[in-house]
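Enquirer: This is upload.cif, which holds mmCIF, C-alpha atoms:
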```
data_start
#
loop_
_atom_site.label_atom_id
_atom_site.label_comp_id
_atom_site.auth_asym_id
_atom_site.auth_seq_id
_atom_site.Cartn_x
_atom_site.Cartn_y
_atom_site.Cartn_z
CA MET A 1 -46.84 25.82 -33.39
CA MET A 2 -44.22 23.73 -31.50
CA PRO A 3 -44.78 23.23 -27.75
CA THR A 4 -42.40 25.08 -25.49
CA GLU A 5 -40.48 23.31 -22.73
CA ASN A 6 -41.71 23.89 -19.21
CA PRO A 7 -39.26 26.38 -17.58
CA ASN A 8 -39.53 24.46 -14.32
CA ASN A 9 -38.44 21.24 -16.05
CA PHE A 10 -35.47 23.06 -17.55
CA ARG A 11 -34.49 24.35 -14.08
CA VAL A 12 -34.67 20.83 -12.65
CA GLN A 13 -32.53 19.46 -15.46
CA GLN A 14 -29.95 22.20 -14.98
CA ARG A 15 -29.82 21.57 -11.24
CA LEU A 16 -29.42 17.82 -11.71
CA LEU A 17 -26.66 18.40 -14.24
CA GLU A 18 -24.92 20.67 -11.75
CA ILE A 19 -25.14 17.94 -9.07
CA CYS A 20 -23.72 15.37 -11.50
CA ARG A 21 -20.77 17.66 -12.15
CA ILE A 22 -20.21 18.17 -8.43
CA SER A 23 -20.30 14.42 -7.75
CA SER A 24 -17.86 13.76 -10.59
CA ALA A 25 -15.40 16.39 -9.37
CA SER A 26 -15.74 15.99 -5.59
CA LEU A 27 -13.93 13.26 -3.68
CA GLU A 28 -15.15 14.43 -0.28
CA PHE A 29 -17.92 12.21 0.98
CA GLU A 30 -19.83 14.33 3.51
CA PRO A 31 -19.98 17.59 1.48
CA LEU A 32 -21.24 15.63 -1.54
CA LEU A 33 -24.05 13.98 0.44
CA ASN A 34 -25.02 17.38 1.89
CA ALA A 35 -25.19 18.78 -1.65
CA LEU A 36 -27.45 15.87 -2.66
CA ILE A 37 -29.97 16.40 0.16
CA ASP A 38 -30.01 20.16 -0.49
CA ALA A 39 -30.83 19.46 -4.14
CA ALA A 40 -33.44 16.87 -3.13
CA SER A 41 -35.25 19.39 -0.93
CA GLU A 42 -35.02 22.14 -3.55
CA LEU A 43 -36.13 20.12 -6.56
CA THR A 44 -38.98 18.28 -4.85
CA CYS A 45 -40.10 21.43 -3.01
CA SER A 46 -39.67 19.68 0.35
CA GLU A 47 -39.01 21.08 3.80
CA TRP A 48 -36.00 18.79 4.38
CA SER A 49 -34.29 15.64 3.11
CA VAL A 50 -32.00 13.00 4.56
CA ILE A 51 -29.80 10.13 3.38
CA LEU A 52 -29.83 6.90 5.38
CA SER A 53 -27.46 3.95 5.05
CA VAL A 54 -28.21 0.27 5.53
CA GLU A 55 -26.27 -1.31 8.39
CA PRO A 56 -25.06 -4.77 7.28
CA GLU A 57 -26.60 -7.65 9.24
CA LYS A 58 -28.68 -5.21 11.28
CA ASP A 59 -32.31 -4.14 11.20
CA GLN A 60 -31.22 -0.52 11.52
CA LEU A 61 -30.66 2.48 9.25
CA THR A 62 -28.02 5.09 10.11
CA ILE A 63 -28.40 8.75 9.21
CA LEU A 64 -25.54 9.76 6.89
CA ALA A 65 -26.69 13.24 5.88
CA SER A 66 -29.27 15.65 7.28
CA PRO A 67 -29.81 19.43 7.42
CA PHE A 68 -27.30 21.23 9.63
CA TYR A 69 -29.94 22.24 12.20
CA MET A 70 -30.89 18.57 12.72
CA LYS A 71 -27.39 17.10 13.11
CA GLU A 72 -27.07 17.53 16.87
CA GLY A 73 -30.58 16.22 17.57
CA LEU A 74 -30.10 13.20 15.30
CA GLN A 75 -26.62 12.31 16.54
CA HIS A 76 -26.27 8.53 16.98
CA THR A 77 -29.94 8.06 15.97
CA GLU A 78 -30.86 4.81 14.24
CA ILE A 79 -34.10 4.01 12.46
CA SER A 80 -35.66 0.57 12.38
CA LYS A 81 -36.03 -0.86 8.89
CA GLY A 82 -39.08 -2.82 9.95
CA ASN A 83 -41.04 0.22 11.14
CA SER A 84 -40.24 3.04 8.73
CA LEU A 85 -41.08 4.38 5.30
CA ALA A 86 -37.41 3.99 4.38
CA GLY A 87 -37.58 0.34 5.39
CA LYS A 88 -40.58 -0.13 3.12
CA ALA A 89 -38.64 1.37 0.20
CA ILE A 90 -35.76 -0.98 0.92
CA GLN A 91 -37.95 -4.05 1.22
CA ASN A 92 -39.72 -3.38 -2.09
CA ALA A 93 -36.63 -1.87 -3.80
CA ARG A 94 -38.78 0.98 -5.10
CA ALA A 95 -40.16 4.35 -4.04
CA ALA A 96 -42.50 4.53 -1.04
CA PHE A 97 -44.99 7.37 -0.38
CA TYR A 98 -46.67 8.90 2.60
CA PRO A 99 -49.56 9.36 2.52
CA ALA A 100 -50.30 6.50 0.14
CA THR A 101 -53.98 6.53 1.20
CA LYS A 102 -56.19 8.95 3.08
CA THR A 103 -55.99 6.82 6.22
CA ASP A 104 -52.25 6.15 5.94
CA HIS A 105 -50.02 6.64 8.98
CA LEU A 106 -46.30 7.44 8.77
CA PRO A 107 -44.21 4.80 10.55
CA SER A 108 -41.65 6.07 13.06
CA ALA A 109 -42.88 9.66 12.75
CA SER A 110 -41.74 10.38 16.33
CA ILE A 111 -38.08 10.60 15.21
CA TRP A 112 -38.84 13.76 13.23
CA ASP A 113 -41.47 15.21 15.61
CA LYS A 114 -38.82 17.17 17.49
CA PHE A 115 -38.20 19.21 14.30
CA ALA A 116 -41.59 19.42 12.57
CA LYS A 117 -44.82 17.53 12.08
CA VAL A 118 -44.51 15.21 9.06
CA THR A 119 -47.35 15.77 6.61
CA SER A 120 -45.88 13.92 3.62
CA ALA A 121 -42.78 11.93 2.73
CA LEU A 122 -41.10 10.20 -0.21
CA ALA A 123 -38.38 7.53 0.18
CA VAL A 124 -36.32 6.19 -2.74
CA PRO A 125 -33.82 3.32 -2.34
CA ILE A 126 -30.15 3.92 -3.15
CA LEU A 127 -29.15 0.99 -5.36
CA TYR A 128 -25.71 -0.09 -6.55
CA HIS A 129 -25.66 -3.04 -8.97
CA GLY A 130 -28.87 -4.36 -7.41
CA GLU A 131 -27.66 -3.98 -3.82
CA VAL A 132 -29.55 -1.55 -1.57
CA LEU A 133 -27.01 0.72 0.14
CA GLY A 134 -29.47 3.11 1.71
CA VAL A 135 -32.36 5.51 1.15
CA ILE A 136 -32.78 9.15 0.16
CA GLU A 137 -35.90 10.58 1.76
CA SER A 138 -37.68 13.94 1.46
CA PHE A 139 -40.33 15.33 3.83
CA ASN A 140 -43.24 17.80 3.75
CA LYS A 141 -44.02 18.73 0.16
CA ALA A 142 -44.72 22.48 -0.11
CA LYS A 143 -48.30 23.72 0.16
CA ASP A 144 -49.42 20.36 1.56
CA GLY A 145 -48.79 18.88 -1.87
CA VAL A 146 -48.46 15.22 -2.82
CA TYR A 147 -45.26 13.75 -4.19
CA SER A 148 -45.47 12.94 -7.88
CA GLY A 149 -43.76 10.72 -10.43
CA LYS A 150 -41.45 13.60 -11.34
CA ASP A 151 -40.36 13.84 -7.72
CA ILE A 152 -39.49 10.14 -7.84
CA GLU A 153 -37.42 10.70 -11.00
CA VAL A 154 -35.51 13.50 -9.27
CA LEU A 155 -34.76 11.42 -6.18
CA GLU A 156 -33.81 8.40 -8.29
CA THR A 157 -31.27 10.54 -10.17
CA LEU A 158 -29.84 11.85 -6.91
CA ALA A 159 -29.88 8.34 -5.44
CA ALA A 160 -27.73 7.11 -8.33
CA GLN A 161 -25.13 9.77 -7.47
CA ALA A 162 -25.34 8.86 -3.79
CA ALA A 163 -24.87 5.17 -4.64
CA VAL A 164 -21.55 5.82 -6.39
CA ALA A 165 -20.35 8.04 -3.54
CA MET A 166 -21.35 5.50 -0.87
CA GLN A 167 -19.73 2.61 -2.73
CA ASN A 168 -16.51 4.61 -3.20
CA GLN A 169 -16.49 5.48 0.50
CA ARG A 170 -17.05 1.86 1.42
CA LEU A 171 -14.12 0.76 -0.76
CA LEU A 172 -11.95 3.55 0.67
CA GLU A 173 -12.69 2.50 4.25
CA LYS A 174 -11.97 -1.12 3.34
CA ASN A 175 -8.64 -0.13 1.80
CA GLU A 176 -7.73 1.94 4.85
CA GLN A 177 -8.50 -1.00 7.13
CA SER A 178 -6.37 -3.29 4.95
CA LEU A 179 -3.52 -0.77 4.94
CA HIS A 180 -3.69 -0.38 8.73
CA LYS A 181 -3.63 -4.16 9.16
CA MET A 182 -0.73 -4.47 6.73
CA LEU A 183 1.28 -1.80 8.58
CA GLU A 184 0.54 -3.50 11.88
CA LEU A 185 1.72 -6.87 10.52
CA ASP A 186 4.82 -5.23 9.06
CA HIS A 187 5.62 -3.72 12.46
CA MET A 188 5.15 -7.10 14.13
CA LYS A 189 7.41 -8.71 11.53
CA SER A 190 10.11 -6.10 12.12
CA ASP A 191 9.92 -6.66 15.88
CA PHE A 192 10.20 -10.41 15.41
CA ILE A 193 13.22 -10.05 13.11
CA SER A 194 14.95 -7.71 15.56
CA ILE A 195 14.34 -9.93 18.61
CA ALA A 196 15.09 -13.21 16.84
CA SER A 197 18.37 -12.04 15.28
CA HIS A 198 19.52 -10.58 18.59
CA GLU A 199 18.63 -13.65 20.66
CA LEU A 200 20.18 -16.13 18.19
CA ARG A 201 23.58 -14.43 18.01
CA THR A 202 24.69 -15.36 21.55
CA PRO A 203 24.08 -19.15 21.44
CA LEU A 204 25.42 -19.31 17.89
CA GLY A 205 28.62 -17.55 18.97
CA LEU A 206 29.03 -20.10 21.75
CA ILE A 207 28.57 -22.98 19.30
CA ILE A 208 31.22 -21.64 16.94
CA GLY A 209 33.60 -20.79 19.79
CA HIS A 210 33.32 -24.18 21.48
CA ALA A 211 33.62 -26.00 18.15
CA SER A 212 36.85 -24.14 17.48
CA PHE A 213 38.15 -24.94 20.98
CA ILE A 214 37.27 -28.65 20.71
CA SER A 215 38.86 -28.97 17.27
CA GLU A 216 42.28 -28.18 18.77
CA SER A 217 42.36 -31.46 20.71
CA ALA A 218 40.09 -33.54 18.46
CA THR A 219 41.13 -36.62 16.49
CA GLU A 220 41.15 -36.54 12.70
CA ALA A 221 37.82 -38.38 12.61
CA GLN A 222 36.29 -35.91 15.06
CA LYS A 223 37.63 -32.91 13.15
CA ALA A 224 35.50 -33.84 10.14
CA ASP A 225 32.38 -33.74 12.31
CA ILE A 226 33.44 -30.49 13.95
CA GLU A 227 33.99 -29.00 10.48
CA VAL A 228 30.38 -29.85 9.61
CA ILE A 229 29.21 -28.13 12.84
CA THR A 230 31.35 -25.07 12.18
CA ARG A 231 30.26 -24.77 8.54
CA SER A 232 26.58 -25.17 9.42
CA ALA A 233 26.85 -22.66 12.26
CA SER A 234 28.59 -20.20 9.93
CA ARG A 235 25.78 -20.63 7.43
CA MET A 236 23.25 -19.91 10.17
CA ARG A 237 25.27 -16.85 11.17
CA ASP A 238 25.02 -15.55 7.59
CA LEU A 239 21.23 -15.95 7.69
CA ILE A 240 21.06 -14.09 11.00
CA GLU A 241 23.18 -11.31 9.49
CA ASP A 242 20.65 -11.12 6.64
CA PHE A 243 17.88 -10.64 9.20
CA GLY A 244 20.03 -8.04 10.92
CA ASP A 245 20.36 -6.18 7.63
CA VAL A 246 16.57 -5.96 7.33
CA ASP A 247 16.29 -4.67 10.89
CA THR A 248 19.03 -2.11 10.21
CA ILE A 249 17.24 -0.84 7.12
CA THR A 250 13.82 -0.77 8.81
CA SER A 251 14.96 1.08 11.92
CA GLY A 252 17.88 3.18 10.71
CA MET A 253 17.31 4.27 7.14
CA LYS A 254 16.07 7.72 8.13
CA THR A 255 19.34 8.48 9.92
CA LEU A 256 22.11 7.98 7.40
CA LYS A 257 25.50 8.69 8.95
CA ARG A 258 26.97 10.61 6.05
CA THR A 259 30.72 10.93 5.70
CA ARG A 260 33.32 10.66 2.92
CA VAL A 261 33.24 7.20 1.33
CA LEU A 262 35.97 6.15 -1.13
CA PHE A 263 34.70 3.52 -3.55
CA ASP A 264 38.26 2.88 -4.78
CA VAL A 265 38.90 1.60 -1.23
CA LEU A 266 35.47 0.12 -0.48
CA VAL A 267 35.14 -2.07 -3.60
CA PRO A 268 38.59 -3.77 -3.29
CA ALA A 269 37.90 -4.49 0.39
CA VAL A 270 34.59 -6.19 -0.44
CA VAL A 271 36.13 -8.17 -3.31
CA LYS A 272 38.91 -9.35 -0.99
CA ALA A 273 36.38 -10.42 1.64
CA PHE A 274 34.54 -12.61 -0.87
CA GLN A 275 37.60 -14.22 -2.45
CA PRO A 276 37.37 -17.29 -0.14
CA LEU A 277 33.72 -17.83 -1.15
CA ALA A 278 34.61 -17.41 -4.82
CA ASN A 279 37.54 -19.81 -4.49
CA GLU A 280 35.32 -22.37 -2.78
CA GLY A 281 32.85 -22.16 -5.66
CA LYS A 282 35.65 -22.12 -8.26
CA VAL A 283 34.51 -18.70 -9.49
CA ARG A 284 37.00 -16.09 -10.69
CA LEU A 285 36.27 -12.82 -8.84
CA THR A 286 37.96 -9.75 -10.35
CA GLN A 287 37.84 -6.00 -9.99
CA GLU A 288 38.58 -2.90 -12.06
CA ILE A 289 38.89 0.48 -10.39
CA LYS A 290 38.87 3.27 -12.96
CA GLY A 291 40.52 6.25 -11.29
CA ALA A 292 41.36 7.34 -7.76
CA ASN A 293 39.51 9.31 -5.07
CA LEU A 294 36.10 7.94 -6.13
CA ALA A 295 34.43 9.72 -3.22
CA VAL A 296 30.78 10.26 -2.28
CA GLU A 297 28.97 11.66 0.76
CA GLY A 298 27.23 8.63 2.25
CA ASP A 299 26.90 6.08 5.01
CA PRO A 300 29.97 3.81 4.69
CA GLU A 301 28.43 0.81 6.48
CA LYS A 302 25.25 0.83 4.43
CA LEU A 303 27.03 1.41 1.12
CA GLU A 304 29.35 -1.47 1.93
CA MET A 305 26.23 -3.57 2.56
CA VAL A 306 25.02 -2.76 -0.99
CA ILE A 307 28.25 -3.91 -2.65
CA ARG A 308 28.50 -6.97 -0.39
CA ASN A 309 24.98 -8.10 -1.24
CA LEU A 310 25.52 -7.68 -4.98
CA VAL A 311 28.90 -9.46 -5.00
CA LYS A 312 27.61 -12.25 -2.76
CA ASN A 313 24.62 -12.85 -5.07
CA ALA A 314 26.83 -12.81 -8.16
CA VAL A 315 29.28 -15.35 -6.71
CA ASN A 316 26.53 -17.61 -5.35
CA PHE A 317 24.63 -17.70 -8.64
CA THR A 318 27.64 -18.22 -10.91
CA ASN A 319 28.55 -21.79 -11.79
CA PRO A 320 32.09 -23.20 -11.28
CA GLY A 321 34.45 -21.83 -13.92
CA GLY A 322 32.43 -18.61 -14.23
CA VAL A 323 33.56 -15.02 -13.75
CA VAL A 324 32.32 -12.15 -11.60
CA LYS A 325 33.71 -8.69 -12.32
CA VAL A 326 33.23 -5.59 -10.14
CA THR A 327 34.04 -2.15 -11.57
CA ALA A 328 33.93 1.33 -10.06
CA GLU A 329 34.27 4.64 -11.87
CA GLU A 330 33.16 8.26 -11.77
CA VAL A 331 30.56 9.46 -14.25
CA PRO A 332 29.11 13.00 -14.29
CA GLY A 333 27.58 13.58 -10.86
CA PHE A 334 27.85 9.97 -9.66
CA ILE A 335 30.06 7.08 -8.69
CA LYS A 336 29.01 4.12 -10.80
CA THR A 337 29.58 0.57 -9.55
CA THR A 338 28.83 -2.43 -11.73
CA VAL A 339 28.71 -6.11 -10.74
CA LEU A 340 28.78 -8.31 -13.83
CA ASP A 341 28.64 -12.11 -13.95
CA ASN A 342 28.17 -14.87 -16.50
CA GLY A 343 26.08 -16.97 -14.12
CA ILE A 344 22.65 -18.55 -14.36
CA GLY A 345 20.85 -15.25 -15.00
CA ILE A 346 17.27 -14.29 -14.15
CA PRO A 347 14.14 -15.21 -16.16
CA ALA A 348 12.59 -12.21 -17.90
CA SER A 349 9.26 -12.88 -16.15
CA GLU A 350 10.93 -12.42 -12.75
CA MET A 351 12.83 -9.19 -13.38
CA LYS A 352 10.14 -6.85 -12.02
CA LYS A 353 10.01 -8.74 -8.70
CA ILE A 354 13.69 -9.23 -7.86
CA PHE A 355 13.90 -6.13 -5.62
CA ASN A 356 10.88 -7.19 -3.52
CA ARG A 357 11.72 -8.11 0.06
CA PHE A 358 11.83 -11.87 0.75
CA TYR A 359 11.23 -12.61 -2.93
CA GLN A 360 13.20 -15.52 -4.34
CA VAL A 361 13.46 -16.15 -8.06
CA GLU A 362 13.04 -19.92 -7.81
CA LYS A 363 12.61 -22.05 -4.72
CA HIS A 364 15.00 -24.74 -5.97
CA LEU A 365 17.70 -22.08 -6.45
CA THR A 366 17.27 -21.02 -2.83
CA ARG A 367 17.74 -24.56 -1.63
CA ARG A 368 20.81 -24.94 -3.81
CA HIS A 369 22.52 -21.62 -3.14
CA GLY A 370 20.91 -20.49 0.13
CA GLY A 371 19.58 -17.06 0.97
CA MET A 372 16.52 -15.33 2.39
CA GLY A 373 15.68 -13.24 -0.67
CA ILE A 374 16.40 -9.91 1.01
CA GLY A 375 19.81 -8.88 -0.34
CA LEU A 376 18.55 -7.02 -3.39
CA SER A 377 15.67 -5.34 -1.54
CA VAL A 378 18.10 -4.11 1.12
CA ALA A 379 20.47 -2.84 -1.56
CA LYS A 380 17.67 -0.98 -3.34
CA GLU A 381 16.44 0.71 -0.17
CA ILE A 382 19.94 1.86 0.77
CA VAL A 383 20.73 3.17 -2.70
CA GLU A 384 17.45 5.10 -2.93
CA ALA A 385 17.95 6.52 0.58
CA HIS A 386 21.20 8.02 -0.76
CA GLY A 387 19.29 9.55 -3.69
CA GLY A 388 20.77 7.01 -6.09
CA LYS A 389 19.48 4.32 -8.37
CA ILE A 390 20.06 0.60 -8.87
CA THR A 391 19.20 -1.22 -12.08
CA ALA A 392 19.41 -4.81 -13.25
CA GLU A 393 19.85 -6.46 -16.63
CA SER A 394 19.89 -10.20 -17.11
CA VAL A 395 19.61 -12.97 -19.67
CA GLU A 396 18.72 -16.41 -18.39
CA ASN A 397 21.64 -18.87 -18.54
CA LYS A 398 24.01 -16.11 -19.71
CA GLY A 399 24.47 -13.79 -16.75
CA SER A 400 23.43 -10.57 -15.02
CA ARG A 401 24.65 -7.01 -14.60
CA PHE A 402 23.68 -4.82 -11.66
CA THR A 403 24.51 -1.11 -11.85
CA VAL A 404 24.53 1.26 -8.87
CA LEU A 405 24.64 5.04 -9.19
CA ILE A 406 25.44 6.97 -5.99
CA PRO A 407 25.38 10.80 -6.15
CA LEU A 408 28.65 12.53 -5.27
CA ASN A 409 27.01 14.74 -2.63
CA ALA A 410 23.70 15.74 -1.05
CA ALA A 411 23.02 18.50 -3.60
CA GLN A 412 23.52 16.08 -6.47
CA ALA A 413 21.32 13.53 -4.66
CA SER A 414 18.44 16.03 -4.45
CA ALA A 415 18.68 16.80 -8.17
CA ALA A 416 19.05 13.11 -9.05
CA GLN A 417 15.93 12.08 -7.14
CA LYS A 418 13.82 14.45 -9.24
CA VAL A 419 15.29 13.02 -12.44
CA PHE A 420 14.85 9.41 -11.31
CA LEU A 421 11.25 10.04 -10.28
CA GLU A 422 10.51 11.54 -13.68
#
```
Please render this file's structure as structure tokens.

Expert:
Amino acid sequence: MMPTENPNNFRVQQRLLEICRISSASLEFEPLLNALIDAASELTCSEWSVILSVEPEKDQLTILASPFYMKEGLQHTEISKGNSLAGKAIQNARAAFYPATKTDHLPSASIWDKFAKVTSALAVPILYHGEVLGVIESFNKAKDGVYSGKDIEVLETLAAQAAVAMQNQRLLEKNEQSLHKMLELDHMKSDFISIASHELRTPLGLIIGHASFISESATEAQKADIEVITRSASRMRDLIEDFGDVDTITSGMKTLKRTRVLFDVLVPAVVKAFQPLANEGKVRLTQEIKGANLAVEGDPEKLEMVIRNLVKNAVNFTNPGGVVKVTAEEVPGFIKTTVLDNGIGIPASEMKKIFNRFYQVEKHLTRRHGGMGIGLSVAKEIVEAHGGKITAESVENKGSRFTVLIPLNAAQASAAQKVFLE
């Protein structure tokens, strides 16, 4: 005749399985710990149970979970590791009993005296990869019983679940602290950019103005020096404008000033503005407008900023004798603008990073062509704020193509955002 399984053992196994399922499905820290101490009390036939956490670099244990009727009385209570059963379990990294002998005394019993006299206790360390995170402890075995090896097994199983939950919570809190610090630094950076760009504009304007005034009465030899001053000041002005673009995006992206924008007017105006730069670099800058009334509902200043940044990049990173072509056309639901060049291109390994703010493909290219590495990130943020999409294709040493899709109106933008997200 085969032995039958103890019904009580089966109940314990079922309850532990249920707790494992709860811990796998639940992401809420406090309810999960409460479920663990309820199970600990039930399965070890104890009057109550608690979970304590180790305080780093302290000789104290903090109560993480306790029965609801104890919470108010135990608020802000800490337990000394050096004078408690929990501390003994931590020190030895294994279960600790009370009473262990007939003459045994429970350390720190006074903490629990306000609720009930402690007649027995079992503490099991909560371990995660060898590190002690805390203790799960049960008190007052029913019928003045003594805690057994099976009770230890139960608490060890529950402690394993508590360890995962506590480690996850610790990582979550660490991530939240890092995120808060990152947001704080980002805010400080935005403030610095705003203040610096504002304060630099006035003295720079005076430098350019006075250089222009002096050049009118300067000798030919002096004019060469003044030209260097003017060119350098203009370069600095461009950098300040780049900073201003970042500040504009950071502070004003939520309030797009939507109106009717004609890309068949906008694109030629931008191309004309960059002809001097293209001529200086001996780059042929062309345009092709396919159709008339290429209109969208958008912020004209910010959309102009997108096209300016793309054309400026294309001209700057195209070698003398190269070509940059800008096209605009209507496709179903969108105005499509393409900036194509046969310049130096972008390495395949860098393509995923080119839209990151302040990211520069190669440091030596920055020194050669100038730039703060923000043009593409600004363009991307503006395009996406309009519900559109910007994409890039490039082959190193052969050229690049940037494509911008701007929805015709707000309704199309809403539909497009769902498609782009998918």

Enquirer: Would you pick out the contacts of Gly322 (chain A) at 9 Å or less, using only C-alpha atoms, so that residues sharing its chain but fewer than 5 positions from it are not included, and give the list as a list in words?

Expert: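 Listed by chain and then number, they are Lys282, Val283, Arg284, Leu285, Val315, Asp341, Asn342 and Gly343 of chain A.
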
Enquirer: Write out as JSON, numbers by chain the residues lying within 12 Å of Ser138 (chain A), counting only C-alpha atoms and excluding same-chain residues fewer than 5 positions away.

Expert: {"A": [36, 37, 38, 39, 40, 41, 42, 43, 44, 45, 46, 47, 48, 49, 50, 51, 52, 65, 66, 67, 85, 86, 95, 96, 97, 98, 112, 118, 119, 120, 121, 122, 123, 124, 125, 146, 147, 151, 152, 154, 155, 156, 158, 159]}

Enquirer: Decode the PyMOL selection byres ((chain A and resi 261-272) around 7) for the given file into explicit residues and return them as a VMD selection string.

Expert: chain A and resid 259 to 260 273 to 275 289 292 to 298 300 304 308 328

Enquirer: Just C-alpha atoms for this one: save the residues we selected as a PDB file, in the frame of the given file.

Expert:
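Result written to selection_11.pdb:
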```pdb
ATOM      1  CA  THR A 259      30.720  10.930   5.700  1.00  0.00           C
ATOM      2  CA  ARG A 260      33.320  10.660   2.920  1.00  0.00           C
ATOM      3  CA  ALA A 273      36.380 -10.420   1.640  1.00  0.00           C
ATOM      4  CA  PHE A 274      34.540 -12.610  -0.870  1.00  0.00           C
ATOM      5  CA  GLN A 275      37.600 -14.220  -2.450  1.00  0.00           C
ATOM      6  CA  ILE A 289      38.890   0.480 -10.390  1.00  0.00           C
ATOM      7  CA  ALA A 292      41.360   7.340  -7.760  1.00  0.00           C
ATOM      8  CA  ASN A 293      39.510   9.310  -5.070  1.00  0.00           C
ATOM      9  CA  LEU A 294      36.100   7.940  -6.130  1.00  0.00           C
ATOM     10  CA  ALA A 295      34.430   9.720  -3.220  1.00  0.00           C
ATOM     11  CA  VAL A 296      30.780  10.260  -2.280  1.00  0.00           C
ATOM     12  CA  GLU A 297      28.970  11.660   0.760  1.00  0.00           C
ATOM     13  CA  GLY A 298      27.230   8.630   2.250  1.00  0.00           C
ATOM     14  CA  PRO A 300      29.970   3.810   4.690  1.00  0.00           C
ATOM     15  CA  GLU A 304      29.350  -1.470   1.930  1.00  0.00           C
ATOM     16  CA  ARG A 308      28.500  -6.970  -0.390  1.00  0.00           C
ATOM     17  CA  ALA A 328      33.930   1.330 -10.060  1.00  0.00           C
TER      18      ALA A 328
END
```

Enquirer: Quote the spacing between CA of Gln287 (chain A) and CA of Ser377 (chain A) in Å to one decimal place.

Expert: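 Taking CA of Gln287 (chain A) as the start and CA of Ser377 (chain A) as the end point, the length is 23.7 Å.
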
Enquirer: In Å to one decimal, how far is CA of Leu310 (chain A) from CA of Arg258 (chain A)?

Expert: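 Interatomic distance, CA of Arg258 (chain A) to CA of Leu310 (chain A): 21.4 Å.
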
Enquirer: Can you tell me, as an MDAnalysis selection string, what residues are no more than 6 Å from Ser400 (chain A) when counting only C-alpha atoms, ignoring any on the same chain fewer than 5 positions away?

Expert: chainID A and resid 340:341 345 393:394

Enquirer: How would the residues just picked look written out with C-alpha atoms as an mmCIF file, keeping the file's coordinate frame?

Expert:
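Output below, filename result-v1.cif:
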```cif
data_model
loop_
_atom_site.group_PDB
_atom_site.id
_atom_site.type_symbol
_atom_site.label_atom_id
_atom_site.label_comp_id
_atom_site.auth_asym_id
_atom_site.auth_seq_id
_atom_site.Cartn_x
_atom_site.Cartn_y
_atom_site.Cartn_z
ATOM 1 C CA LEU A 340 28.780 -8.310 -13.830
ATOM 2 C CA ASP A 341 28.640 -12.110 -13.950
ATOM 3 C CA GLY A 345 20.850 -15.250 -15.000
ATOM 4 C CA GLU A 393 19.850 -6.460 -16.630
ATOM 5 C CA SER A 394 19.890 -10.200 -17.110
#
```

Enquirer: Report, in Å with one decimal, the straight-line distance from CA of Thr391 (chain A) to CA of Val404 (chain A).

Expert: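 Interatomic distance, CA of Thr391 (chain A) to CA of Val404 (chain A): 6.7 Å.
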
Enquirer: Run through the PyMOL selection byres ((chain A and resi 164) around 10) on the given coordinates and return the selected residues as a count of residues only.

Expert: 17

Enquirer: Given all atoms listed in the file as the basis, pick out the residue of A:Ile208, A:Ile406, A:Met305, A:Val395 nearest to Thr337 (chain A).

Expert: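 Among the listed residues, A:Ile406 lies closest to Thr337 (chain A).
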
Enquirer: Looking at A:Lys336, A:Gly281, A:Arg237, A:Lys150, which one is nearest to Thr202 (chain A), with distances taken over all atoms listed in the file?

Expert: A:Arg237
